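**Q** Structure: target_13.pdb, PDB, C-alpha atoms and all ligand atoms.
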```
ATOM      1  CA  MET O   1     133.045 -58.882 108.947
ATOM      2  CA  GLN O   2     130.197 -59.835 111.216
ATOM      3  CA  GLY O   3     129.558 -63.551 111.254
ATOM      4  CA  ALA O   4     132.037 -64.366 108.520
ATOM      5  CA  TYR O   5     133.562 -67.234 110.510
ATOM      6  CA  GLU O   6     130.545 -68.181 112.543
ATOM      7  CA  LYS O   7     129.584 -71.796 112.408
ATOM      8  CA  ILE O   8     127.217 -73.942 114.387
ATOM      9  CA  PRO O   9     128.942 -77.142 115.529
ATOM     10  CA  VAL O  10     127.457 -80.498 114.567
ATOM     11  CA  LEU O  11     128.596 -83.273 116.926
ATOM     12  CA  LYS O  12     128.453 -87.008 116.493
ATOM     13  CA  ILE O  13     127.499 -88.837 119.675
ATOM     14  CA  GLY O  14     127.009 -92.559 119.293
ATOM     15  CA  ASP O  15     124.766 -93.134 116.301
ATOM     16  CA  PHE O  16     123.357 -89.644 116.334
ATOM     17  CA  LEU O  17     124.258 -86.179 115.211
ATOM     18  CA  ILE O  18     123.491 -83.365 117.619
ATOM     19  CA  THR O  19     123.508 -79.684 116.892
ATOM     20  CA  SER O  20     122.563 -76.963 119.307
ATOM     21  CA  ILE O  21     121.727 -73.544 117.943
ATOM     22  CA  GLN O  22     123.041 -71.036 120.465
ATOM     23  CA  VAL O  23     123.172 -67.864 118.400
ATOM     24  CA  ALA O  24     120.681 -65.702 116.542
ATOM     25  CA  LEU O  25     120.189 -67.529 113.283
ATOM     26  CA  HIS O  26     120.628 -65.387 110.233
ATOM     27  CA  ASP O  27     120.086 -66.738 106.759
ATOM     28  CA  ARG O  28     123.629 -67.601 105.795
ATOM     29  CA  LEU O  29     124.261 -69.319 109.109
ATOM     30  CA  ALA O  30     121.131 -71.420 108.638
ATOM     31  CA  LEU O  31     122.109 -72.354 105.088
ATOM     32  CA  GLY O  32     125.616 -73.207 106.297
ATOM     33  CA  LEU O  33     124.139 -75.429 108.985
ATOM     34  CA  GLN O  34     122.062 -77.226 106.365
ATOM     35  CA  ASP O  35     125.174 -77.929 104.274
ATOM     36  CA  ASP O  36     127.199 -79.037 107.301
ATOM     37  CA  ILE O  37     124.527 -81.412 108.540
ATOM     38  CA  LEU O  38     124.080 -83.080 105.166
ATOM     39  CA  ALA O  39     127.850 -83.459 104.746
ATOM     40  CA  LYS O  40     128.134 -84.892 108.254
ATOM     41  CA  ILE O  41     125.345 -87.389 107.579
ATOM     42  CA  GLN O  42     127.182 -88.638 104.544
ATOM     43  CA  GLU O  43     130.510 -88.840 106.391
ATOM     44  CA  THR O  44     129.325 -90.552 109.514
ATOM     45  CA  ASN O  45     126.509 -92.951 108.713
ATOM     46  CA  ALA O  46     124.499 -91.399 111.483
ATOM     47  CA  LYS O  47     121.038 -92.814 112.120
ATOM     48  CA  GLY O  48     119.429 -89.813 113.711
ATOM     49  CA  LEU O  49     119.682 -86.065 114.033
ATOM     50  CA  ILE O  50     118.802 -83.816 116.929
ATOM     51  CA  ILE O  51     118.451 -80.088 116.457
ATOM     52  CA  ASP O  52     118.332 -78.297 119.781
ATOM     53  CA  VAL O  53     116.472 -74.986 119.490
ATOM     54  CA  THR O  54     116.214 -74.241 123.214
ATOM     55  CA  ALA O  55     118.136 -70.987 122.812
ATOM     56  CA  ILE O  56     116.164 -69.752 119.811
ATOM     57  CA  ASP O  57     113.726 -66.983 120.730
ATOM     58  CA  VAL O  58     112.319 -66.193 117.280
ATOM     59  CA  LEU O  59     111.642 -68.358 114.253
ATOM     60  CA  ASP O  60     110.549 -66.751 111.011
ATOM     61  CA  SER O  61     109.299 -68.373 107.833
ATOM     62  CA  PHE O  62     112.724 -68.546 106.219
ATOM     63  CA  ILE O  63     114.434 -70.297 109.112
ATOM     64  CA  THR O  64     111.469 -72.609 109.624
ATOM     65  CA  ARG O  65     111.596 -73.561 105.977
ATOM     66  CA  ILE O  66     115.286 -74.411 106.285
ATOM     67  CA  LEU O  67     114.648 -76.594 109.334
ATOM     68  CA  VAL O  68     111.914 -78.432 107.444
ATOM     69  CA  GLU O  69     114.214 -78.834 104.460
ATOM     70  CA  ILE O  70     117.043 -80.200 106.603
ATOM     71  CA  ALA O  71     114.661 -82.804 108.025
ATOM     72  CA  LYS O  72     113.364 -83.701 104.580
ATOM     73  CA  MET O  73     116.822 -84.182 103.088
ATOM     74  CA  ALA O  74     118.053 -86.040 106.152
ATOM     75  CA  ASN O  75     115.050 -88.323 105.811
ATOM     76  CA  ILE O  76     115.922 -89.061 102.196
ATOM     77  CA  MET O  77     119.375 -90.042 103.462
ATOM     78  CA  GLY O  78     117.800 -92.372 106.006
ATOM     79  CA  VAL O  79     118.158 -90.097 109.007
ATOM     80  CA  LYS O  80     115.285 -89.102 111.268
ATOM     81  CA  THR O  81     115.244 -85.595 112.706
ATOM     82  CA  VAL O  82     113.968 -84.567 116.109
ATOM     83  CA  LEU O  83     113.666 -80.913 117.055
ATOM     84  CA  VAL O  84     114.101 -80.426 120.795
ATOM     85  CA  GLY O  85     113.481 -77.618 123.248
ATOM     86  CA  MET O  86     111.185 -75.397 121.249
ATOM     87  CA  GLN O  87     109.879 -72.615 123.482
ATOM     88  CA  PRO O  88     106.095 -72.642 123.888
ATOM     89  CA  ALA O  89     105.889 -69.020 122.697
ATOM     90  CA  ILE O  90     107.520 -70.034 119.421
ATOM     91  CA  ALA O  91     105.273 -73.044 118.966
ATOM     92  CA  ILE O  92     102.194 -70.839 119.461
ATOM     93  CA  THR O  93     103.488 -68.199 117.052
ATOM     94  CA  LEU O  94     104.307 -70.786 114.376
ATOM     95  CA  VAL O  95     100.796 -72.202 114.466
ATOM     96  CA  GLU O  96      99.088 -68.798 114.350
ATOM     97  CA  PHE O  97     101.366 -67.626 111.598
ATOM     98  CA  GLY O  98     100.551 -70.702 109.566
ATOM     99  CA  MET O  99     104.011 -72.247 109.442
ATOM    100  CA  GLU O 100     104.145 -75.966 109.775
ATOM    101  CA  LEU O 101     106.971 -78.187 110.840
ATOM    102  CA  THR O 102     105.933 -80.937 108.492
ATOM    103  CA  GLY O 103     108.025 -84.069 108.664
ATOM    104  CA  ILE O 104     109.839 -83.096 111.853
ATOM    105  CA  GLU O 105     109.387 -84.918 115.119
ATOM    106  CA  THR O 106     109.595 -82.768 118.216
ATOM    107  CA  ALA O 107     110.501 -83.514 121.812
ATOM    108  CA  LEU O 108     110.500 -81.494 124.994
ATOM    109  CA  ASN O 109     114.221 -81.659 125.634
ATOM    110  CA  LEU O 110     117.466 -83.310 124.613
ATOM    111  CA  GLU O 111     116.927 -86.352 126.814
ATOM    112  CA  LYS O 112     113.432 -86.992 125.464
ATOM    113  CA  GLY O 113     114.702 -86.385 121.949
ATOM    114  CA  LEU O 114     117.418 -89.005 122.341
ATOM    115  CA  GLU O 115     114.886 -91.499 123.715
ATOM    116  CA  LEU O 116     112.642 -90.870 120.730
ATOM    117  CA  LEU O 117     115.484 -91.346 118.266
ATOM    118  CA  GLU O 118     116.565 -94.574 119.984
ATOM    119  CA  LYS O 119     113.022 -95.824 119.660
ATOM    120  CA  ILE O 120     112.675 -94.815 116.027
ATOM    121  CA  SER O 121     116.011 -96.290 115.003
ATOM    122  CA  GLN O 122     115.256 -99.570 116.777
ATOM    123  CA  GLU O 123     112.016 -99.816 114.840
ATOM    124  CA  GLU O 124     113.753 -98.930 111.583
ATOM    125  CA  TYR O 125     116.926-100.937 111.902
ATOM    126  CA  GLY O 126     115.844-103.553 114.368
ATOM    127  CA  ASP O 127     119.125-103.355 116.273
ATOM    128  CA  ILE O 128     118.768-103.679 120.026
TER     129      ILE O 128
ATOM    130  CA  MET P   1     105.411 -43.718 128.432
ATOM    131  CA  PRO P   2     105.658 -43.897 124.603
ATOM    132  CA  ASP P   3     109.290 -42.959 124.329
ATOM    133  CA  MET P   4     111.219 -45.945 123.032
ATOM    134  CA  GLU P   5     111.805 -46.014 119.329
ATOM    135  CA  GLU P   6     114.288 -47.527 116.953
ATOM    136  CA  THR P   7     114.959 -47.069 113.251
ATOM    137  CA  ILE P   8     116.680 -49.982 111.581
ATOM    138  CA  PRO P   9     117.891 -49.601 108.000
ATOM    139  CA  ILE P  10     117.437 -52.892 106.148
ATOM    140  CA  LYS P  11     120.126 -53.675 103.613
ATOM    141  CA  ASP P  12     121.303 -57.186 104.380
ATOM    142  CA  GLU P  13     120.240 -60.299 106.273
ATOM    143  CA  TYR P  14     121.996 -59.239 109.482
ATOM    144  CA  ASP P  15     119.692 -56.232 109.659
ATOM    145  CA  ILE P  16     116.740 -58.627 109.875
ATOM    146  CA  VAL P  17     118.214 -60.060 113.074
ATOM    147  CA  THR P  18     118.889 -56.541 114.396
ATOM    148  CA  ALA P  19     115.346 -55.416 113.616
ATOM    149  CA  ARG P  20     113.640 -58.347 115.276
ATOM    150  CA  SER P  21     115.727 -58.168 118.428
ATOM    151  CA  ALA P  22     115.166 -54.394 118.672
ATOM    152  CA  GLY P  23     111.451 -55.148 118.342
ATOM    153  CA  LYS P  24     111.628 -57.740 121.055
ATOM    154  CA  THR P  25     113.391 -55.365 123.445
ATOM    155  CA  ILE P  26     110.851 -52.600 122.868
ATOM    156  CA  ALA P  27     107.941 -55.050 123.108
ATOM    157  CA  SER P  28     109.250 -56.347 126.407
ATOM    158  CA  SER P  29     109.552 -52.857 127.937
ATOM    159  CA  THR P  30     106.098 -51.968 126.632
ATOM    160  CA  GLY P  31     104.704 -54.711 128.833
ATOM    161  CA  PHE P  32     104.057 -57.491 126.335
ATOM    162  CA  GLY P  33     104.345 -61.050 127.569
ATOM    163  CA  LEU P  34     106.682 -63.593 126.045
ATOM    164  CA  VAL P  35     104.206 -64.929 123.480
ATOM    165  CA  ASP P  36     103.350 -61.449 122.218
ATOM    166  CA  GLN P  37     107.043 -60.542 122.107
ATOM    167  CA  THR P  38     107.572 -63.584 119.912
ATOM    168  CA  ARG P  39     104.602 -62.715 117.675
ATOM    169  CA  ILE P  40     105.894 -59.160 117.255
ATOM    170  CA  SER P  41     109.457 -60.142 116.465
ATOM    171  CA  THR P  42     108.304 -62.782 113.991
ATOM    172  CA  ALA P  43     106.157 -60.137 112.265
ATOM    173  CA  ILE P  44     109.120 -57.761 112.095
ATOM    174  CA  SER P  45     111.280 -60.522 110.688
ATOM    175  CA  GLU P  46     108.786 -61.185 107.885
ATOM    176  CA  LEU P  47     108.361 -57.520 106.974
ATOM    177  CA  ALA P  48     112.109 -56.911 106.983
ATOM    178  CA  ARG P  49     112.636 -59.978 104.818
ATOM    179  CA  ASN P  50     110.079 -58.757 102.295
ATOM    180  CA  ILE P  51     111.919 -55.430 102.093
ATOM    181  CA  LEU P  52     115.176 -57.215 101.437
ATOM    182  CA  ARG P  53     113.715 -59.659  98.946
ATOM    183  CA  TYR P  54     111.447 -57.380  96.916
ATOM    184  CA  ALA P  55     112.798 -53.856  97.360
ATOM    185  CA  GLY P  56     116.464 -54.527  98.137
ATOM    186  CA  THR P  57     116.634 -51.887 100.860
ATOM    187  CA  GLY P  58     114.300 -50.032 103.180
ATOM    188  CA  THR P  59     113.666 -49.177 106.785
ATOM    189  CA  VAL P  60     111.951 -50.756 109.753
ATOM    190  CA  TYR P  61     110.744 -48.295 112.346
ATOM    191  CA  VAL P  62     109.578 -49.589 115.737
ATOM    192  CA  ARG P  63     108.081 -47.416 118.460
ATOM    193  CA  GLN P  64     105.903 -47.446 121.516
ATOM    194  CA  VAL P  65     102.435 -45.970 121.063
ATOM    195  CA  THR P  66      99.417 -45.191 123.257
ATOM    196  CA  ALA P  67      95.775 -44.832 122.292
ATOM    197  CA  ASP P  68      92.668 -44.803 124.473
ATOM    198  CA  GLY P  69      94.832 -45.425 127.473
ATOM    199  CA  ARG P  70      96.321 -48.579 126.005
ATOM    200  CA  ASN P  71      99.990 -49.157 125.418
ATOM    201  CA  GLY P  72     101.185 -50.770 122.273
ATOM    202  CA  ILE P  73     103.884 -51.131 119.700
ATOM    203  CA  GLU P  74     103.900 -49.886 116.140
ATOM    204  CA  VAL P  75     106.033 -51.305 113.380
ATOM    205  CA  VAL P  76     106.389 -49.416 110.123
ATOM    206  CA  ALA P  77     108.242 -51.216 107.339
ATOM    207  CA  GLY P  78     108.868 -48.920 104.410
ATOM    208  CA  ASP P  79     110.687 -49.192 101.117
ATOM    209  CA  GLN P  80     110.939 -47.496  97.751
ATOM    210  CA  GLY P  81     110.851 -50.730  95.816
ATOM    211  CA  PRO P  82     108.545 -51.947  93.048
ATOM    212  CA  GLY P  83     105.334 -51.745  95.076
ATOM    213  CA  ILE P  84     102.605 -54.372  95.056
ATOM    214  CA  ALA P  85     100.384 -54.476  91.975
ATOM    215  CA  ASN P  86      97.628 -56.666  93.362
ATOM    216  CA  LEU P  87      97.243 -56.207  97.083
ATOM    217  CA  ASP P  88      94.368 -58.664  97.485
ATOM    218  CA  LEU P  89      96.461 -61.348  95.893
ATOM    219  CA  ALA P  90      99.508 -60.443  98.017
ATOM    220  CA  MET P  91      97.390 -60.834 101.152
ATOM    221  CA  THR P  92      96.233 -64.303 100.110
ATOM    222  CA  ASP P  93      97.823 -67.243 101.884
ATOM    223  CA  GLY P  94     100.059 -69.056  99.453
ATOM    224  CA  HIS P  95     100.507 -66.297  96.902
ATOM    225  CA  THR P  96     104.151 -65.511  96.163
ATOM    226  CA  THR P  97     106.113 -63.835  93.403
ATOM    227  CA  GLY P  98     109.387 -64.511  95.147
ATOM    228  CA  GLY P  99     109.520 -68.266  95.473
ATOM    229  CA  GLY P 100     108.456 -68.135  99.107
ATOM    230  CA  LEU P 101     105.464 -69.763 100.742
ATOM    231  CA  GLY P 102     103.359 -66.637 100.405
ATOM    232  CA  ALA P 103     102.795 -66.783 104.139
ATOM    233  CA  GLY P 104     104.567 -63.600 105.223
ATOM    234  CA  LEU P 105     101.905 -60.895 104.884
ATOM    235  CA  PRO P 106      98.785 -62.882 105.816
ATOM    236  CA  GLY P 107     100.679 -64.532 108.671
ATOM    237  CA  THR P 108     101.912 -61.176 109.945
ATOM    238  CA  LYS P 109      98.378 -59.820 109.856
ATOM    239  CA  ARG P 110      97.231 -62.727 112.024
ATOM    240  CA  LEU P 111     100.003 -62.152 114.558
ATOM    241  CA  MET P 112      99.321 -58.426 114.987
ATOM    242  CA  ASP P 113      96.170 -56.387 115.887
ATOM    243  CA  ASP P 114      96.193 -53.594 113.279
ATOM    244  CA  PHE P 115      97.572 -54.024 109.789
ATOM    245  CA  GLU P 116      97.609 -51.566 106.875
ATOM    246  CA  ILE P 117      99.474 -51.501 103.599
ATOM    247  CA  ASP P 118     100.068 -48.415 101.527
ATOM    248  CA  THR P 119     101.653 -49.315  98.223
ATOM    249  CA  GLU P 120     102.071 -47.896  94.772
ATOM    250  CA  VAL P 121     103.624 -49.634  91.809
ATOM    251  CA  GLY P 122     106.973 -48.090  90.985
ATOM    252  CA  ARG P 123     107.070 -46.043  94.197
ATOM    253  CA  GLY P 124     107.223 -48.412  97.106
ATOM    254  CA  THR P 125     105.434 -50.023  99.977
ATOM    255  CA  ILE P 126     104.715 -49.043 103.554
ATOM    256  CA  VAL P 127     103.338 -51.641 105.919
ATOM    257  CA  THR P 128     102.089 -50.284 109.237
ATOM    258  CA  THR P 129     101.150 -52.718 111.942
ATOM    259  CA  ARG P 130     100.361 -52.417 115.632
ATOM    260  CA  LYS P 131      99.773 -54.609 118.607
ATOM    261  CA  TRP P 132      98.194 -53.580 121.899
ATOM    262  CA  VAL P 133      98.934 -54.822 125.379
ATOM    263  CA  GLN P 134      95.840 -56.666 126.566
TER     264      GLN P 134
HETATM  265  N1  LIG I 201     107.910 -54.794 100.303
HETATM  266  C1  LIG I 201     107.393 -55.366  99.198
HETATM  267  N2  LIG I 201     107.592 -54.815  97.968
HETATM  268  C2  LIG I 201     107.065 -55.373  96.863
HETATM  269  N3  LIG I 201     106.328 -56.500  96.857
HETATM  270  C3  LIG I 201     106.094 -57.100  98.037
HETATM  271  C4  LIG I 201     106.607 -56.581  99.266
HETATM  272  N4  LIG I 201     106.205 -57.380 100.279
HETATM  273  C5  LIG I 201     105.472 -58.366  99.701
HETATM  274  N5  LIG I 201     105.405 -58.210  98.365
HETATM  275  C6  LIG I 201     104.642 -59.044  97.410
HETATM  276  O1  LIG I 201     103.616 -59.714  98.120
HETATM  277  C7  LIG I 201     103.763 -61.124  97.950
HETATM  278  C8  LIG I 201     103.346 -61.833  99.212
HETATM  279  O2  LIG I 201     104.278 -61.544 100.268
HETATM  280  P1  LIG I 201     104.434 -62.577 101.470
HETATM  281  O3  LIG I 201     105.458 -62.039 102.406
HETATM  282  O4  LIG I 201     103.070 -62.842 101.984
HETATM  283  O5  LIG I 201     104.936 -63.913 100.769
HETATM  284  P2  LIG I 201     106.373 -64.237 100.140
HETATM  285  O6  LIG I 201     107.363 -63.210 100.573
HETATM  286  O7  LIG I 201     106.191 -64.411  98.672
HETATM  287  O8  LIG I 201     106.715 -65.648 100.781
HETATM  288  P3  LIG I 201     107.147 -65.911 102.327
HETATM  289  O9  LIG I 201     106.975 -64.617 103.071
HETATM  290  O10 LIG I 201     106.205 -66.964 102.791
HETATM  291  O11 LIG I 201     108.556 -66.360 102.244
HETATM  292  C9  LIG I 201     105.197 -61.330  97.549
HETATM  293  O12 LIG I 201     105.376 -62.512  96.807
HETATM  294  C10 LIG I 201     105.480 -60.075  96.728
HETATM  295  O13 LIG I 201     104.990 -60.249  95.410
HETATM  296 MG    MG I 202     107.534 -62.663 102.630
END
```
Using structure tokens, write down the structure that the file contains.
**A**
Amino acid sequence: MQGAYEKIPVLKIGDFLITSIQVALHDRLALGLQDDILAKIQETNAKGLIIDVTAIDVLDSFITRILVEIAKMANIMGVKTVLVGMQPAIAITLVEFGMELTGIETALNLEKGLELLEKISQEEYGDI
Amino acid sequence: MPDMEETIPIKDEYDIVTARSAGKTIASSTGFGLVDQTRISTAISELARNILRYAGTGTVYVRQVTADGRNGIEVVAGDQGPGIANLDLAMTDGHTTGGGLGAGLPGTKRLMDDFEIDTEVGRGTIVTTRKWVQ
């Protein structure tokens, strides 16, 4: 069956979790990603989360809602989320449509996202 | 030039992905830029999701159109579901009967140029929407 074994990998690098969405996100995949990320946060004591959406060419309200929810739950667990690589066309469409990425930090690319997380976690945890 | 068309039956969540990427392909060959392609495929995604959520099954029909020398794309999302009892309410930002954000229809209208809904309780809903290349 299509997509039955699909999974989006969530990697731990240093103090941070990084996931890069490289396939067309359908609902179940997005929900699976949400579960995986929350489980990984619990397992690893990560301090930050980066979701790389560079390869995503369409976001609809459902997927956007899941991304916002992931960030919200991660935040409750003490983990800050940064969304990186959003295509300008998607950002424009989201605003016009009326969807908001409330509670999610964004950065231009992975490198900038990591810098931002480093900064945030230094402020939060005070570790240098 | 109006010759590309695609009919996508909507019966599960994978069909939403199929519909929006078919829309994107047709939009791109119609001459829409990247932002418009994204607007159109987001609109298709919302309409297909409404079909799935409220009617269970239905069809998304995407085709190239021309009028007054302009090229455009038309998306018709049809189902034989419960219909919409109060259309004004359904078109209001924030109104939902399905536990959503109630952003789908009003948001779609903002993303597209033309937007019409034909609906009858107990018979179904047809949303017709178009966008024109500037
Ligand atoms: N195809 C349809 N058949 C029957 N009712 C529909 C259909 N599409 C929309 N509706 C009704 O119109 C309302 C508004 O739809 P809209 O897409 O704007 O918001 P939503 O689906 O409730 O939430 P969201 O799209 O933000 O997840 C729905 O709650 C539903 O009651
Ligand atoms: Mg909807």
**Q** Which chain P residues have any atom within 8 Å of an atom of ligand LIG 201 (chain I), and for each, what is the nearest pair of atoms with distance in Å to one decimal, counting only C-alpha atoms and all ligand atoms, rows sorted by chain and number, as a Markdown table?
**A**
```
| residue | atom | partner | partner_atom | distance |
| --- | --- | --- | --- | --- |
| P:Glu46 | CA | I:LIG201 | O9 | 6.2 |
| P:Leu47 | CA | I:LIG201 | N4 | 7.0 |
| P:Arg49 | CA | I:LIG201 | O6 | 7.5 |
| P:Asn50 | CA | I:LIG201 | N4 | 4.6 |
| P:Ile51 | CA | I:LIG201 | N1 | 4.4 |
| P:Leu52 | CA | I:LIG201 | N1 | 7.7 |
| P:Arg53 | CA | I:LIG201 | O6 | 7.5 |
| P:Tyr54 | CA | I:LIG201 | N2 | 4.7 |
| P:Ala55 | CA | I:LIG201 | N2 | 5.3 |
| P:Ala77 | CA | I:LIG201 | N1 | 7.9 |
| P:Gly78 | CA | I:LIG201 | N1 | 7.2 |
| P:Asp79 | CA | I:LIG201 | N1 | 6.3 |
| P:Gly81 | CA | I:LIG201 | N2 | 5.7 |
| P:Pro82 | CA | I:LIG201 | C2 | 5.3 |
| P:Gly83 | CA | I:LIG201 | C2 | 4.4 |
| P:Ile84 | CA | I:LIG201 | N3 | 4.7 |
| P:Ala85 | CA | I:LIG201 | N3 | 8.0 |
| P:Leu87 | CA | I:LIG201 | O1 | 7.3 |
| P:Leu89 | CA | I:LIG201 | C7 | 7.6 |
| P:Ala90 | CA | I:LIG201 | O1 | 4.2 |
| P:Met91 | CA | I:LIG201 | O4 | 6.1 |
| P:Thr92 | CA | I:LIG201 | O4 | 7.2 |
| P:Asp93 | CA | I:LIG201 | O4 | 6.8 |
| P:Gly94 | CA | I:LIG201 | O5 | 7.2 |
| P:His95 | CA | I:LIG201 | C8 | 5.8 |
| P:Thr96 | CA | I:LIG201 | O12 | 3.3 |
| P:Thr97 | CA | I:LIG201 | O12 | 3.7 |
| P:Gly98 | CA | I:LIG201 | O7 | 4.8 |
| P:Gly99 | CA | I:LIG201 | O7 | 6.0 |
| P:Gly100 | CA | I:LIG201 | O8 | 3.5 |
| P:Leu101 | CA | I:LIG201 | O10 | 3.5 |
| P:Gly102 | CA | I:LIG201 | O5 | 3.2 |
| P:Ala103 | CA | I:LIG201 | O10 | 3.7 |
| P:Gly104 | CA | I:LIG201 | O3 | 3.3 |
| P:Leu105 | CA | I:LIG201 | O4 | 3.7 |
| P:Pro106 | CA | I:LIG201 | O4 | 5.7 |
| P:Gly107 | CA | I:LIG201 | O4 | 7.3 |
| P:Gly124 | CA | I:LIG201 | N2 | 6.5 |
| P:Thr125 | CA | I:LIG201 | N1 | 5.4 |
| P:Ile126 | CA | I:LIG201 | N1 | 7.3 |
| P:Val127 | CA | I:LIG201 | N1 | 7.9 |
```
**Q** Using all atoms listed in the file, which chain P residues lie at most 7 Å away from chain O, written as an MDAnalysis selection string?
**A** chainID P and resid 13:14 17 34:35 38:39 41:42 45:46 107:108 110:111
**Q** With C-alpha atoms retained, export the selected residues as an mmCIF file, in the frame of the given file.
**A**
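Wrote it out as out_24.cif, contents follow:
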```cif
data_model
loop_
_atom_site.group_PDB
_atom_site.id
_atom_site.type_symbol
_atom_site.label_atom_id
_atom_site.label_comp_id
_atom_site.auth_asym_id
_atom_site.auth_seq_id
_atom_site.Cartn_x
_atom_site.Cartn_y
_atom_site.Cartn_z
ATOM 1 C CA GLU P 13 120.240 -60.299 106.273
ATOM 2 C CA TYR P 14 121.996 -59.239 109.482
ATOM 3 C CA VAL P 17 118.214 -60.060 113.074
ATOM 4 C CA LEU P 34 106.682 -63.593 126.045
ATOM 5 C CA VAL P 35 104.206 -64.929 123.480
ATOM 6 C CA THR P 38 107.572 -63.584 119.912
ATOM 7 C CA ARG P 39 104.602 -62.715 117.675
ATOM 8 C CA SER P 41 109.457 -60.142 116.465
ATOM 9 C CA THR P 42 108.304 -62.782 113.991
ATOM 10 C CA SER P 45 111.280 -60.522 110.688
ATOM 11 C CA GLU P 46 108.786 -61.185 107.885
ATOM 12 C CA GLY P 107 100.679 -64.532 108.671
ATOM 13 C CA THR P 108 101.912 -61.176 109.945
ATOM 14 C CA ARG P 110 97.231 -62.727 112.024
ATOM 15 C CA LEU P 111 100.003 -62.152 114.558
#
```
**Q** Counting all atoms listed in the file, I want the residues whose atoms come within 12 Å of (95.8, -57.1, 129.9) in the file frame, returned as a list in words.
**A**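 The distance filter leaves exactly Thr30, Gly31, Phe32, Gly33, Asp36, Gly69, Arg70, Asn71, Gly72, Trp132, Val133 and Gln134 of chain P.
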**Q** Figure out the distance between CA of Ile21 in chain O and CA of Asp35 in chain O, please, to one decimal in Å.
**A**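 It comes out at 14.8 Å.
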**Q** Got a sec to resolve the PyMOL selection byres (((chain P and resi 116) around 9) and not hetatm) on this structure and send the residues as a ChimeraX atom specification?
**A** /P:109,114-115,117-118,126-129
**Q** When distances are computed from all atoms listed in the file, which of O:Met86, O:Ala39, O:Ala74, O:Val79 shows the smallest separation from Glu124 in chain O?
**A**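 The answer is O:Val79, which sits nearest to Glu124 in chain O.
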**Q** How far is it from CA of Ile51 in chain O to CA of Thr19 in chain O, in Å with one decimal?
**A**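 So the answer is 5.1 Å.
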**Q** Kindly give the distance, in Å, that separates CA of Thr25 in chain P and CA of Met4 in chain P, rounded to a single decimal.
**A** 9.7 Å
**Q** Applying the PyMOL selection byres (((chain P and resi 60) around 6) and not hetatm) to the file I just gave you, which residues come out? Please list them as JSON, numbers by chain.
**A** {"P": [7, 8, 59, 61, 76, 77]}
**Q** Using the chain letters and numbering of this document, enumerate as a short mmCIF file (atom, residue, chain, number, x, y, z; two decimals) with C-alpha atoms, in the coordinates of the input the residues selected by the PyMOL selection byres (((chain O and resi 67) around 9) and not hetatm).
**A**
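Output saved as out.cif:
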```cif
data_model
loop_
_atom_site.label_atom_id
_atom_site.label_comp_id
_atom_site.auth_asym_id
_atom_site.auth_seq_id
_atom_site.Cartn_x
_atom_site.Cartn_y
_atom_site.Cartn_z
CA ALA O 30 121.13 -71.42 108.64
CA GLN O 34 122.06 -77.23 106.36
CA ILE O 51 118.45 -80.09 116.46
CA PHE O 62 112.72 -68.55 106.22
CA ILE O 63 114.43 -70.30 109.11
CA THR O 64 111.47 -72.61 109.62
CA ARG O 65 111.60 -73.56 105.98
CA ILE O 66 115.29 -74.41 106.28
CA VAL O 68 111.91 -78.43 107.44
CA GLU O 69 114.21 -78.83 104.46
CA ILE O 70 117.04 -80.20 106.60
CA ALA O 71 114.66 -82.80 108.02
CA LYS O 72 113.36 -83.70 104.58
CA LEU O 83 113.67 -80.91 117.06
CA LEU O 101 106.97 -78.19 110.84
CA ILE O 104 109.84 -83.10 111.85
#
```
**Q** Considering all atoms listed in the file, return as a ChimeraX atom specification whatever protein or nucleic-acid residues lie within 12 Å of Leu117 in chain O, sequence-local ones (same chain, fewer than 3 positions apart) excluded.
**A** /O:14-18,46-51,79-84,104-107,110-114,120-125
**Q** Box in all listed atoms of range 16-27 of chain O, axis-aligned, with 8 Å more on each side; write out centre and edge lengths in Å to one decimal as JSON.
**A**
```
{"center_x": 122.2, "center_y": -77.5, "center_z": 113.6, "size_x": 20.2, "size_y": 40.3, "size_z": 29.7}
```
**Q** From the list P:Gly58, P:Asp88, P:Gly122, P:Ala48, which residue is nearest ligand MG 202 (chain I) when using only C-alpha atoms and all ligand atoms?
**A** P:Ala48
